[in-house]
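File shown: final-v3.tsv. Contents: TSV, C-alpha atoms.
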```tsv
chain	number	residue	atom	x	y	z
A	1	MET	CA	48.82	73.37	54.18
A	2	LYS	CA	45.20	73.99	53.23
A	3	ALA	CA	44.16	77.35	51.78
A	4	ILE	CA	41.23	78.86	49.93
A	5	VAL	CA	41.97	79.12	46.21
A	6	ILE	CA	40.03	81.22	43.68
A	7	SER	CA	39.42	78.67	40.90
A	8	SER	CA	38.42	81.45	38.49
A	9	PRO	CA	37.06	84.99	38.99
A	10	GLY	CA	33.37	84.91	39.94
A	11	GLY	CA	30.84	84.42	42.73
A	12	PRO	CA	31.36	82.81	46.13
A	13	GLU	CA	31.16	79.33	44.58
A	14	VAL	CA	34.63	79.79	42.98
A	15	LEU	CA	36.29	79.63	46.43
A	16	GLN	CA	37.74	76.17	46.98
A	17	LEU	CA	39.65	74.62	49.89
A	18	GLN	CA	42.79	72.99	48.45
A	19	GLU	CA	46.15	71.62	49.52
A	20	VAL	CA	48.89	74.14	48.59
A	21	GLU	CA	52.58	74.76	49.29
A	22	ASP	CA	53.57	76.32	52.63
A	23	PRO	CA	54.53	80.01	52.44
A	24	GLU	CA	58.22	80.80	51.96
A	25	LEU	CA	59.62	82.70	54.95
A	26	LYS	CA	61.78	85.76	54.22
A	27	GLU	CA	64.40	86.94	56.69
A	28	ASP	CA	62.27	89.86	57.96
A	29	GLU	CA	59.06	87.83	58.31
A	30	VAL	CA	57.33	85.57	60.81
A	31	LEU	CA	55.33	82.45	59.97
A	32	ILE	CA	51.98	82.28	61.75
A	33	LYS	CA	49.79	79.23	62.37
A	34	VAL	CA	46.40	80.82	61.72
A	35	GLU	CA	43.84	80.66	64.53
A	36	ALA	CA	41.33	82.82	62.65
A	37	SER	CA	41.12	85.29	59.79
A	38	ALA	CA	38.49	87.90	59.00
A	39	LEU	CA	36.51	88.83	55.91
A	40	ASN	CA	36.87	92.28	54.39
A	41	ARG	CA	34.87	93.78	51.53
A	42	ALA	CA	38.05	93.89	49.42
A	43	ASP	CA	38.17	90.07	49.54
A	44	THR	CA	34.90	89.89	47.58
A	45	VAL	CA	36.26	92.31	44.99
A	46	GLN	CA	39.48	90.30	44.63
A	47	ARG	CA	37.41	87.12	44.27
A	48	ARG	CA	35.64	88.71	41.28
A	49	GLY	CA	39.01	89.53	39.68
A	50	ALA	CA	38.82	93.31	40.15
A	51	TYR	CA	41.37	93.79	42.95
A	52	PRO	CA	44.64	91.96	42.29
A	53	PRO	CA	47.03	91.45	45.22
A	54	PRO	CA	50.07	93.76	45.42
A	55	LYS	CA	53.26	92.60	43.70
A	56	GLY	CA	54.97	89.89	45.73
A	57	ALA	CA	51.93	89.29	48.00
A	58	SER	CA	50.27	85.92	48.60
A	59	PRO	CA	47.78	84.99	45.85
A	60	TYR	CA	45.33	83.88	48.53
A	61	LEU	CA	42.63	86.03	50.12
A	62	GLY	CA	42.75	87.45	53.64
A	63	VAL	CA	44.33	90.69	54.86
A	64	GLU	CA	44.31	90.01	58.62
A	65	CYS	CA	44.62	87.08	60.98
A	66	SER	CA	45.45	85.92	64.47
A	67	GLY	CA	47.48	82.93	65.52
A	68	THR	CA	50.67	81.51	66.98
A	69	ILE	CA	54.17	82.10	65.60
A	70	LEU	CA	55.68	78.92	64.16
A	71	ALA	CA	58.98	80.36	62.84
A	72	VAL	CA	60.85	83.67	62.64
A	73	GLY	CA	63.18	85.03	59.95
A	74	LYS	CA	66.83	85.57	60.83
A	75	THR	CA	66.59	89.38	61.14
A	76	VAL	CA	63.48	89.30	63.37
A	77	SER	CA	64.25	90.20	66.99
A	78	ARG	CA	60.98	91.16	68.67
A	79	TRP	CA	58.96	87.99	68.08
A	80	LYS	CA	59.68	84.38	69.02
A	81	ILE	CA	58.21	80.95	68.33
A	82	GLY	CA	55.06	80.42	70.42
A	83	ASP	CA	54.03	84.09	70.65
A	84	GLN	CA	50.30	84.66	70.24
A	85	VAL	CA	49.75	87.52	67.82
A	86	CYS	CA	47.49	89.15	65.26
A	87	ALA	CA	48.68	90.71	62.03
A	88	LEU	CA	47.91	93.03	59.15
A	89	LEU	CA	48.57	90.95	56.03
A	90	ASN	CA	49.22	91.69	52.36
A	91	GLY	CA	47.19	88.54	51.66
A	92	GLY	CA	47.12	84.87	52.57
A	93	GLY	CA	44.92	84.88	55.68
A	94	TYR	CA	42.44	82.32	54.29
A	95	ALA	CA	44.89	79.51	55.03
A	96	GLU	CA	46.34	77.38	57.81
A	97	LYS	CA	49.67	79.29	57.76
A	98	VAL	CA	50.76	82.73	56.57
A	99	ALA	CA	54.04	84.65	56.37
A	100	VAL	CA	54.03	88.37	57.16
A	101	SER	CA	56.56	91.15	57.71
A	102	ALA	CA	57.45	91.40	61.41
A	103	GLY	CA	56.55	95.11	61.39
A	104	GLN	CA	52.91	94.26	60.64
A	105	VAL	CA	52.51	91.98	63.66
A	106	LEU	CA	50.77	93.00	66.89
A	107	PRO	CA	50.42	91.34	70.29
A	108	VAL	CA	46.93	90.11	71.14
A	109	PRO	CA	45.40	92.79	73.38
A	110	HIS	CA	44.78	91.69	76.98
A	111	GLY	CA	41.14	90.72	77.43
A	112	VAL	CA	40.63	89.64	73.80
A	113	SER	CA	40.68	85.96	72.82
A	114	LEU	CA	43.20	84.75	70.26
A	115	LYS	CA	40.39	83.94	67.80
A	116	ASP	CA	38.61	87.31	68.20
A	117	ALA	CA	41.88	89.21	67.79
A	118	ALA	CA	41.67	88.38	64.06
A	119	SER	CA	38.91	90.99	63.80
A	120	LEU	CA	41.15	93.89	64.84
A	121	PRO	CA	44.20	94.62	62.63
A	122	GLU	CA	42.52	95.79	59.41
A	123	VAL	CA	39.83	97.94	61.07
A	124	ALA	CA	42.20	99.41	63.65
A	125	CYS	CA	44.87	100.29	61.08
A	126	THR	CA	42.34	101.62	58.56
A	127	VAL	CA	40.51	103.84	61.04
A	128	TRP	CA	43.61	105.06	62.84
A	129	SER	CA	45.56	105.89	59.65
A	130	THR	CA	42.66	107.72	57.99
A	131	VAL	CA	40.55	109.41	60.66
A	132	PHE	CA	43.34	110.22	63.10
A	133	MET	CA	46.78	110.19	61.44
A	134	THR	CA	45.59	111.96	58.27
A	135	SER	CA	42.26	113.72	58.95
A	136	ARG	CA	43.36	114.52	62.52
A	137	LEU	CA	39.99	114.15	64.22
A	138	SER	CA	40.38	115.65	67.69
A	139	ALA	CA	38.44	115.88	70.93
A	140	GLY	CA	35.42	118.16	70.69
A	141	GLU	CA	35.04	117.75	66.93
A	142	THR	CA	32.13	116.06	65.12
A	143	PHE	CA	32.58	112.89	63.07
A	144	LEU	CA	30.25	111.21	60.55
A	145	VAL	CA	30.81	107.58	59.59
A	146	HIS	CA	28.85	105.89	56.80
A	147	GLY	CA	28.13	102.17	56.84
A	148	ALA	CA	28.47	102.37	60.58
A	149	SER	CA	27.38	98.79	61.27
A	150	SER	CA	30.32	97.38	59.27
A	151	GLY	CA	33.54	96.18	60.86
A	152	ILE	CA	35.20	99.51	60.16
A	153	GLY	CA	32.12	101.47	61.23
A	154	THR	CA	31.65	99.71	64.57
A	155	PHE	CA	35.34	100.23	65.35
A	156	ALA	CA	35.33	103.87	64.22
A	157	ILE	CA	32.39	104.73	66.48
A	158	GLN	CA	34.12	103.37	69.55
A	159	ILE	CA	37.60	104.84	69.03
A	160	ALA	CA	36.19	108.25	68.03
A	161	LYS	CA	34.10	108.36	71.21
A	162	TYR	CA	37.10	107.23	73.26
A	163	ARG	CA	39.10	110.14	71.77
A	164	GLY	CA	36.39	112.66	72.69
A	165	ALA	CA	34.55	113.28	69.40
A	166	ARG	CA	30.80	113.56	68.85
A	167	VAL	CA	29.78	110.74	66.50
A	168	LEU	CA	27.04	110.74	63.86
A	169	VAL	CA	26.36	107.57	61.85
A	170	THR	CA	24.37	106.29	58.90
A	171	ALA	CA	23.12	102.73	58.43
A	172	GLY	CA	20.26	101.06	56.57
A	173	SER	CA	18.09	99.56	59.31
A	174	ASP	CA	16.83	100.32	62.80
A	175	GLU	CA	18.47	97.12	64.05
A	176	LYS	CA	21.87	98.27	62.79
A	177	LEU	CA	21.39	101.75	64.21
A	178	ALA	CA	20.45	100.31	67.62
A	179	VAL	CA	23.82	98.51	67.73
A	180	CYS	CA	25.59	101.74	66.72
A	181	LYS	CA	23.82	103.60	69.53
A	182	ASP	CA	24.88	100.94	72.03
A	183	LEU	CA	28.49	101.39	70.84
A	184	GLY	CA	28.29	105.11	71.61
A	185	ALA	CA	26.95	106.85	68.50
A	186	ASP	CA	25.35	110.17	69.43
A	187	VAL	CA	23.17	110.61	66.33
A	188	CYS	CA	21.84	107.65	64.29
A	189	ILE	CA	20.51	108.25	60.77
A	190	ASN	CA	18.65	105.70	58.64
A	191	TYR	CA	19.83	106.63	55.13
A	192	LYS	CA	16.92	104.71	53.58
A	193	THR	CA	14.27	106.86	55.25
A	194	GLU	CA	16.11	110.15	55.97
A	195	ASP	CA	18.12	112.73	54.05
A	196	PHE	CA	21.43	112.47	55.89
A	197	VAL	CA	22.61	115.94	54.81
A	198	LYS	CA	19.50	117.58	56.27
A	199	ARG	CA	19.80	115.61	59.51
A	200	VAL	CA	23.53	116.36	59.85
A	201	LYS	CA	22.82	120.08	59.46
A	202	GLU	CA	19.99	119.89	62.03
A	203	GLU	CA	22.21	118.08	64.54
A	204	THR	CA	25.13	120.51	64.14
A	205	ASP	CA	23.24	123.84	64.22
A	206	GLY	CA	23.65	124.18	60.48
A	207	LYS	CA	27.43	123.91	60.57
A	208	GLY	CA	28.12	120.37	59.38
A	209	VAL	CA	30.64	117.86	60.69
A	210	ASP	CA	34.43	118.17	60.88
A	211	VAL	CA	35.41	114.74	59.52
A	212	ILE	CA	33.61	112.13	57.38
A	213	LEU	CA	34.76	108.55	56.80
A	214	ASP	CA	33.16	107.25	53.59
A	215	HIS	CA	33.33	103.97	51.65
A	216	ILE	CA	30.54	104.77	49.17
A	217	GLY	CA	32.41	107.18	46.91
A	218	ALA	CA	30.83	108.86	43.89
A	219	SER	CA	27.14	108.56	44.76
A	220	TYR	CA	27.71	110.26	48.15
A	221	PHE	CA	30.38	112.75	47.09
A	222	ARG	CA	28.20	115.85	46.68
A	223	GLN	CA	26.16	115.16	49.83
A	224	ASN	CA	29.35	114.56	51.81
A	225	LEU	CA	30.76	117.95	50.78
A	226	GLU	CA	27.44	119.57	51.75
A	227	SER	CA	27.66	117.86	55.16
A	228	LEU	CA	31.07	119.32	56.07
A	229	ASN	CA	31.82	122.26	58.34
A	230	PHE	CA	34.39	124.95	57.46
A	231	ASP	CA	37.84	123.27	57.34
A	232	GLY	CA	36.06	119.90	57.09
A	233	ARG	CA	37.85	116.75	55.96
A	234	LEU	CA	36.30	113.99	53.83
A	235	PHE	CA	38.23	110.72	53.81
A	236	ILE	CA	37.24	108.18	51.14
A	237	ILE	CA	38.23	104.52	51.65
A	238	GLY	CA	36.04	102.84	49.04
A	239	ALA	CA	33.90	103.28	45.97
A	240	MET	CA	30.94	100.95	46.47
A	241	GLY	CA	28.69	103.65	45.00
A	242	GLY	CA	30.88	104.39	41.99
A	243	ALA	CA	34.36	105.75	41.30
A	244	VAL	CA	33.69	108.67	38.94
A	245	THR	CA	31.98	111.94	39.87
A	246	GLU	CA	32.04	115.68	39.23
A	247	VAL	CA	32.95	118.33	41.76
A	248	ASP	CA	32.19	122.04	41.93
A	249	LEU	CA	35.52	123.31	43.22
A	250	ARG	CA	33.84	126.43	44.60
A	251	ALA	CA	32.34	124.25	47.34
A	252	LEU	CA	35.85	123.29	48.46
A	253	LEU	CA	37.26	126.80	48.08
A	254	SER	CA	34.55	128.63	49.98
A	255	ARG	CA	34.67	126.36	53.04
A	256	ARG	CA	38.34	125.31	52.91
A	257	LEU	CA	37.42	121.64	52.52
A	258	THR	CA	39.91	118.79	52.21
A	259	VAL	CA	39.21	115.58	50.28
A	260	GLN	CA	41.53	112.66	51.03
A	261	ALA	CA	41.59	109.03	49.94
A	262	ALA	CA	43.74	105.98	50.59
A	263	GLY	CA	43.81	102.22	50.62
A	264	LEU	CA	45.73	100.22	53.20
A	265	ARG	CA	46.85	97.12	51.33
A	266	SER	CA	48.84	98.99	48.66
A	267	ARG	CA	50.98	100.90	51.17
A	268	SER	CA	54.64	100.00	51.61
A	269	ALA	CA	55.79	97.69	54.40
A	270	GLU	CA	57.56	100.68	56.01
A	271	ASN	CA	54.37	102.76	55.98
A	272	LYS	CA	52.30	99.88	57.38
A	273	ALA	CA	54.86	99.38	60.16
A	274	VAL	CA	54.46	103.04	61.21
A	275	ILE	CA	50.67	102.65	61.33
A	276	VAL	CA	50.88	99.34	63.22
A	277	SER	CA	53.24	100.90	65.78
A	278	GLU	CA	50.85	103.80	66.45
A	279	VAL	CA	47.91	101.40	66.71
A	280	GLU	CA	49.74	99.32	69.31
A	281	ASN	CA	50.79	102.37	71.34
A	282	ILE	CA	47.54	104.37	71.17
A	283	VAL	CA	44.63	102.11	70.18
A	284	TRP	CA	45.54	98.88	71.99
A	285	PRO	CA	45.34	100.57	75.44
A	286	ALA	CA	41.73	101.58	74.65
A	287	ILE	CA	40.91	97.95	73.84
A	288	GLU	CA	42.66	96.66	76.96
A	289	ALA	CA	40.72	99.20	79.07
A	290	GLY	CA	37.46	97.79	77.65
A	291	ARG	CA	36.59	101.07	75.92
A	292	VAL	CA	36.81	99.56	72.42
A	293	LYS	CA	35.56	96.01	71.84
A	294	PRO	CA	35.62	93.66	68.85
A	295	VAL	CA	32.16	93.39	67.28
A	296	ILE	CA	31.81	89.93	65.72
A	297	TYR	CA	28.78	88.79	63.76
A	298	LYS	CA	29.56	85.15	63.03
A	299	TYR	CA	32.31	82.51	62.84
A	300	PHE	CA	32.59	80.18	59.84
A	301	PRO	CA	34.93	77.23	59.28
A	302	LEU	CA	37.28	77.82	56.35
A	303	SER	CA	35.41	75.13	54.41
A	304	ASP	CA	32.25	77.31	54.56
A	305	VAL	CA	33.98	80.37	53.09
A	306	ALA	CA	31.51	80.63	50.19
A	307	GLU	CA	28.62	81.03	52.63
A	308	ALA	CA	30.62	83.59	54.62
A	309	HIS	CA	31.10	85.64	51.43
A	310	ARG	CA	27.37	85.41	50.66
A	311	VAL	CA	26.58	86.76	54.13
A	312	MET	CA	28.99	89.67	53.64
A	313	GLU	CA	27.61	90.52	50.21
A	314	SER	CA	24.03	90.48	51.50
A	315	SER	CA	25.08	93.33	53.86
A	316	GLY	CA	22.86	91.94	56.59
A	317	HIS	CA	25.73	91.48	59.04
A	318	ILE	CA	26.80	93.79	61.86
A	319	GLY	CA	30.53	93.91	62.66
A	320	LYS	CA	33.09	91.36	61.54
A	321	ILE	CA	32.77	87.88	60.01
A	322	LEU	CA	35.56	85.46	61.02
A	323	LEU	CA	36.94	82.28	59.46
A	324	PHE	CA	38.81	79.56	61.31
A	325	PRO	CA	40.85	76.68	59.77
```

Take the structure in this file and express it as structure tokens.
Amino acid sequence: MKAIVISSPGGPEVLQLQEVEDPELKEDEVLIKVEASALNRADTVQRRGAYPPPKGASPYLGVECSGTILAVGKTVSRWKIGDQVCALLNGGGYAEKVAVSAGQVLPVPHGVSLKDAASLPEVACTVWSTVFMTSRLSAGETFLVHGASSGIGTFAIQIAKYRGARVLVTAGSDEKLAVCKDLGADVCINYKTEDFVKRVKEETDGKGVDVILDHIGASYFRQNLESLNFDGRLFIIGAMGGAVTEVDLRALLSRRLTVQAAGLRSRSAENKAVIVSEVENIVWPAIEAGRVKPVIYKYFPLSDVAEAHRVMESSGHIGKILLFP
């Protein structure tokens, strides 16, 4: 099969389309003929050599895909050859075929094309596992999402609104904020021209928000704590703005704040299967009802992967960037 190989750690130009061996299929896995895969920020970090794949995972990039099942392992009972699916991968999505644990496979939601379904597994599982399973955002609460025009941000806005939360967002341009507003955001803040802490306080009668989803990390840490209500929960899923910071613990103590952090890729297969099951049972109905939609910026052929990475790293995109073999 053809797959994208990292010739050596570096910029987008190190990504090369090469002929490689087919994946080996384990007894609890399915083999998928890839219809499309999606870019995630972690792919660019792995390309630079700073985010190695988990032990035993494919060496190739790509943590989600959609496609058609070509083969099933001998202990797999739910899926069969010919099923159209999407999947949360440990790696290997930038290829014509990929093997994945059966517990990380999802049906394509009704009303979503097979190609566009590739945009859903990573964002749905990330947002559901952090904002809802862990931070327990509930109806009537307020929710702030940073980088709201990203794939995760555009998904988080929609599912939080569907679940009855009031949604505040930050993004870096009026164009991006207009898309966020169309997706349901109640309060849109341009972080380049406004102090988001001040605006959050103004919009919440001085209280702050109940839950924050943040991928910036250190450079936003103090402001995020200032933006939280009593019993507020900050969930960190990235460190684009640095990984090391200081904290005044009195801020957490006085307002009973919780700081949480997690990645998705490093979780066990068992943990991922629990998340995937909840996503299918709770999130998929919202997609099938048309209340949550994939937001896709552009499609690139696999051979143009370097350009796709350049687009992602320029941060000019809104929503997901997809690749197709």

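The shell of residues at most 10 Å from Leu183 (chain A), with all atoms listed in the file counted and near chain neighbours (fewer than 5 positions) removed, consists of Ser149, Thr154, Phe155, Ala156, Ile157, Gln158, Ile159, Lys161, Leu177, Ala178, Arg291, Val292, Lys293 and Val295 of chain A.
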
Using C-alpha atoms, can you write the selected residues to a file as a PDB file, in the frame of the given file?
```
ATOM      1  CA  SER A 149      27.380  98.790  61.270  1.00  0.00           C
ATOM      2  CA  THR A 154      31.650  99.710  64.570  1.00  0.00           C
ATOM      3  CA  PHE A 155      35.340 100.230  65.350  1.00  0.00           C
ATOM      4  CA  ALA A 156      35.330 103.870  64.220  1.00  0.00           C
ATOM      5  CA  ILE A 157      32.390 104.730  66.480  1.00  0.00           C
ATOM      6  CA  GLN A 158      34.120 103.370  69.550  1.00  0.00           C
ATOM      7  CA  ILE A 159      37.600 104.840  69.030  1.00  0.00           C
ATOM      8  CA  LYS A 161      34.100 108.360  71.210  1.00  0.00           C
ATOM      9  CA  LEU A 177      21.390 101.750  64.210  1.00  0.00           C
ATOM     10  CA  ALA A 178      20.450 100.310  67.620  1.00  0.00           C
ATOM     11  CA  ARG A 291      36.590 101.070  75.920  1.00  0.00           C
ATOM     12  CA  VAL A 292      36.810  99.560  72.420  1.00  0.00           C
ATOM     13  CA  LYS A 293      35.560  96.010  71.840  1.00  0.00           C
ATOM     14  CA  VAL A 295      32.160  93.390  67.280  1.00  0.00           C
TER      15      VAL A 295
END
```

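Take the candidates A:Glu19, A:Asp174, A:Glu270, A:Glu307 and check each one against Ser101 (chain A) using all atoms listed in the file; the shortest distance goes to A:Glu270.
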
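Taking CA of Ala95 (chain A) and CA of Ala262 (chain A) as endpoints, the distance between them is 26.9 Å.
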
Counting only C-alpha atoms, what are the residues of region 76-160 of chain A within 10 Å of region 191-204 of chain A, and for each of them which pair of atoms is the nearest and at what distance in Å, to one decimal? Sort the table by chain and rising number, as JSON lines.
```
{"residue": "A:Thr142", "atom": "CA", "partner": "A:Thr204", "partner_atom": "CA", "distance": 8.4}
{"residue": "A:Leu144", "atom": "CA", "partner": "A:Val200", "partner_atom": "CA", "distance": 8.5}
{"residue": "A:His146", "atom": "CA", "partner": "A:Tyr191", "partner_atom": "CA", "distance": 9.2}
{"residue": "A:Gly147", "atom": "CA", "partner": "A:Tyr191", "partner_atom": "CA", "distance": 9.6}
```

Exercise. Which residue out of A:Ala251, A:Ala185, A:His309, A:Ile296 has the minimum interatomic distance to Gln46 (chain A) when all atoms listed in the file are used?
Worked result: A:His309

Exercise. In Å to one decimal, how far is CA of Val131 (chain A) from CA of Ile287 (chain A)?
Worked result: 17.5 Å

Could you write region 234-244 of chain A of the block just shown to a file containing all heavy atoms, as an mmCIF file, in the first residue's frame?
```cif
data_model
loop_
_atom_site.group_PDB
_atom_site.id
_atom_site.type_symbol
_atom_site.label_atom_id
_atom_site.label_comp_id
_atom_site.auth_asym_id
_atom_site.auth_seq_id
_atom_site.Cartn_x
_atom_site.Cartn_y
_atom_site.Cartn_z
ATOM 1 N N LEU A 234 -10.900 23.691 34.783
ATOM 2 C CA LEU A 234 -10.057 23.975 33.624
ATOM 3 C C LEU A 234 -9.528 22.657 33.090
ATOM 4 O O LEU A 234 -8.898 21.898 33.829
ATOM 5 C CB LEU A 234 -8.889 24.885 34.032
ATOM 6 C CG LEU A 234 -7.735 25.023 33.021
ATOM 7 C CD1 LEU A 234 -8.213 25.651 31.711
ATOM 8 C CD2 LEU A 234 -6.595 25.842 33.629
ATOM 9 N N PHE A 235 -9.793 22.383 31.807
ATOM 10 C CA PHE A 235 -9.262 21.167 31.196
ATOM 11 C C PHE A 235 -8.263 21.557 30.108
ATOM 12 O O PHE A 235 -8.606 22.248 29.159
ATOM 13 C CB PHE A 235 -10.370 20.281 30.612
ATOM 14 C CG PHE A 235 -9.955 18.836 30.577
ATOM 15 C CD1 PHE A 235 -10.503 17.916 31.439
ATOM 16 C CD2 PHE A 235 -8.971 18.406 29.707
ATOM 17 C CE1 PHE A 235 -10.088 16.585 31.446
ATOM 18 C CE2 PHE A 235 -8.538 17.088 29.692
ATOM 19 C CZ PHE A 235 -9.095 16.178 30.565
ATOM 20 N N ILE A 236 -7.018 21.073 30.265
ATOM 21 C CA ILE A 236 -5.934 21.407 29.346
ATOM 22 C C ILE A 236 -5.665 20.212 28.430
ATOM 23 O O ILE A 236 -5.427 19.101 28.905
ATOM 24 C CB ILE A 236 -4.654 21.770 30.124
ATOM 25 C CG1 ILE A 236 -4.919 22.994 31.024
ATOM 26 C CG2 ILE A 236 -3.495 22.054 29.162
ATOM 27 C CD1 ILE A 236 -3.821 23.250 32.038
ATOM 28 N N ILE A 237 -5.707 20.458 27.103
ATOM 29 C CA ILE A 237 -5.479 19.373 26.136
ATOM 30 C C ILE A 237 -4.284 19.650 25.230
ATOM 31 O O ILE A 237 -4.057 18.919 24.283
ATOM 32 C CB ILE A 237 -6.736 19.101 25.278
ATOM 33 C CG1 ILE A 237 -7.209 20.379 24.572
ATOM 34 C CG2 ILE A 237 -7.848 18.487 26.114
ATOM 35 C CD1 ILE A 237 -8.250 20.137 23.503
ATOM 36 N N GLY A 238 -3.529 20.709 25.538
ATOM 37 C CA GLY A 238 -2.368 21.021 24.712
ATOM 38 C C GLY A 238 -1.502 22.061 25.382
ATOM 39 O O GLY A 238 -1.879 22.642 26.413
ATOM 40 N N ALA A 239 -0.341 22.295 24.792
ATOM 41 C CA ALA A 239 0.604 23.243 25.375
ATOM 42 C C ALA A 239 1.263 24.074 24.275
ATOM 43 O O ALA A 239 2.474 24.278 24.259
ATOM 44 C CB ALA A 239 1.650 22.502 26.192
ATOM 45 N N MET A 240 0.431 24.586 23.350
ATOM 46 C CA MET A 240 0.964 25.380 22.246
ATOM 47 C C MET A 240 1.630 26.659 22.732
ATOM 48 O O MET A 240 2.507 27.211 22.070
ATOM 49 C CB MET A 240 -0.152 25.708 21.248
ATOM 50 C CG MET A 240 -0.560 24.531 20.399
ATOM 51 S SD MET A 240 -1.902 24.966 19.276
ATOM 52 C CE MET A 240 -1.089 26.153 18.200
ATOM 53 N N GLY A 241 1.207 27.132 23.918
ATOM 54 C CA GLY A 241 1.780 28.348 24.487
ATOM 55 C C GLY A 241 2.749 28.066 25.616
ATOM 56 O O GLY A 241 2.975 28.924 26.469
ATOM 57 N N GLY A 242 3.340 26.868 25.622
ATOM 58 C CA GLY A 242 4.310 26.528 26.647
ATOM 59 C C GLY A 242 3.792 25.486 27.611
ATOM 60 O O GLY A 242 2.579 25.356 27.814
ATOM 61 N N ALA A 243 4.733 24.743 28.218
ATOM 62 C CA ALA A 243 4.363 23.626 29.092
ATOM 63 C C ALA A 243 4.698 23.865 30.561
ATOM 64 O O ALA A 243 4.288 23.093 31.420
ATOM 65 C CB ALA A 243 5.059 22.350 28.617
ATOM 66 N N VAL A 244 5.437 24.920 30.862
ATOM 67 C CA VAL A 244 5.863 25.165 32.244
ATOM 68 C C VAL A 244 5.338 26.505 32.715
ATOM 69 O O VAL A 244 5.474 27.526 32.030
ATOM 70 C CB VAL A 244 7.411 25.137 32.353
ATOM 71 C CG1 VAL A 244 7.850 25.413 33.794
ATOM 72 C CG2 VAL A 244 7.958 23.804 31.884
#
```
